[in-house]
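Engineer: Here's a structure for you.
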Amino acid sequence: MAKKLNLQPLGTRVLVQPLEQEGKTASGLLLPETAKEKPQTGLVVAIGDDEEIKLKVNDKILFAKYSGTEFKMDGADYLLLESGDVLARFLN
């Protein structure tokens with residue numbers, strides 16, 4: 001679970017902590033960092049102030065590949081997305 005940040009997205013933006021993909025294949029081969037694909041799933045950490053955003057904090061989401069702005073804060077990786085780049089929300 002992501003820790004509380006002193007950062008509030010504005011408008012329709014969503015702050016996401018990307019979830020890293022598994023480090024090995026189904027057959028058990030370990031993948032080097034350079035072979036891993038960019039994450040497309042993440043955990044919503046904060047949402048903007050637009051009332052039309054249909055997400056909540058701690059929702060697990062699927063987002064468009066290569067979208068958003070990546071940055072580090074307090075040693076953790078984050079992604080700031082437009083809510084339109086969120087493709088789906090995982091249900092339990």
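Here's how to read the names in the structure tokens: chain A, B, ... by the order shown, residue numbers from 1 in each chain, ligand numbers from 1 in the order shown.
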For A:Ile61, work out the shell of residues within 10 Å, counting only C-alpha atoms and skipping chain neighbours fewer than 2 positions away, then give it as JSON, numbers by chain.
Structural biologist: {"A": [16, 18, 19, 40, 41, 42, 43, 44, 55, 58, 59, 63, 86, 87, 88, 89, 90, 91]}
Engineer: Give me the residues within 8 Å of A:Leu10 as a ChimeraX atom specification, counting only C-alpha atoms and dropping any in the same chain fewer than 5 places off.
Structural biologist: /A:47-50
Engineer: Near stretch 73-76 of chain A, counting only C-alpha atoms, which residues have an atom at most 9 Å away, once you skip same-chain residues fewer than 2 positions from it, shown as a count of residues only?
Structural biologist: 4
Engineer: Tell me, in Å to one decimal, how far atom CA of A:Leu80 is from atom CA of A:Asn92.
Structural biologist: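 Rounded to one decimal, the two atoms are 23.2 Å apart.
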Engineer: Enumerate the residues of stretch 29-87 of chain A with a DSSP assignment of strand (DSSP E or B), computed from the backbone, and present them as JSON, numbers by chain.
Structural biologist: {"A": [30, 41, 42, 43, 44, 45, 46, 47, 60, 61, 62, 63, 69, 70, 71, 72, 73, 76, 77, 78, 79, 80, 81, 82, 86, 87]}
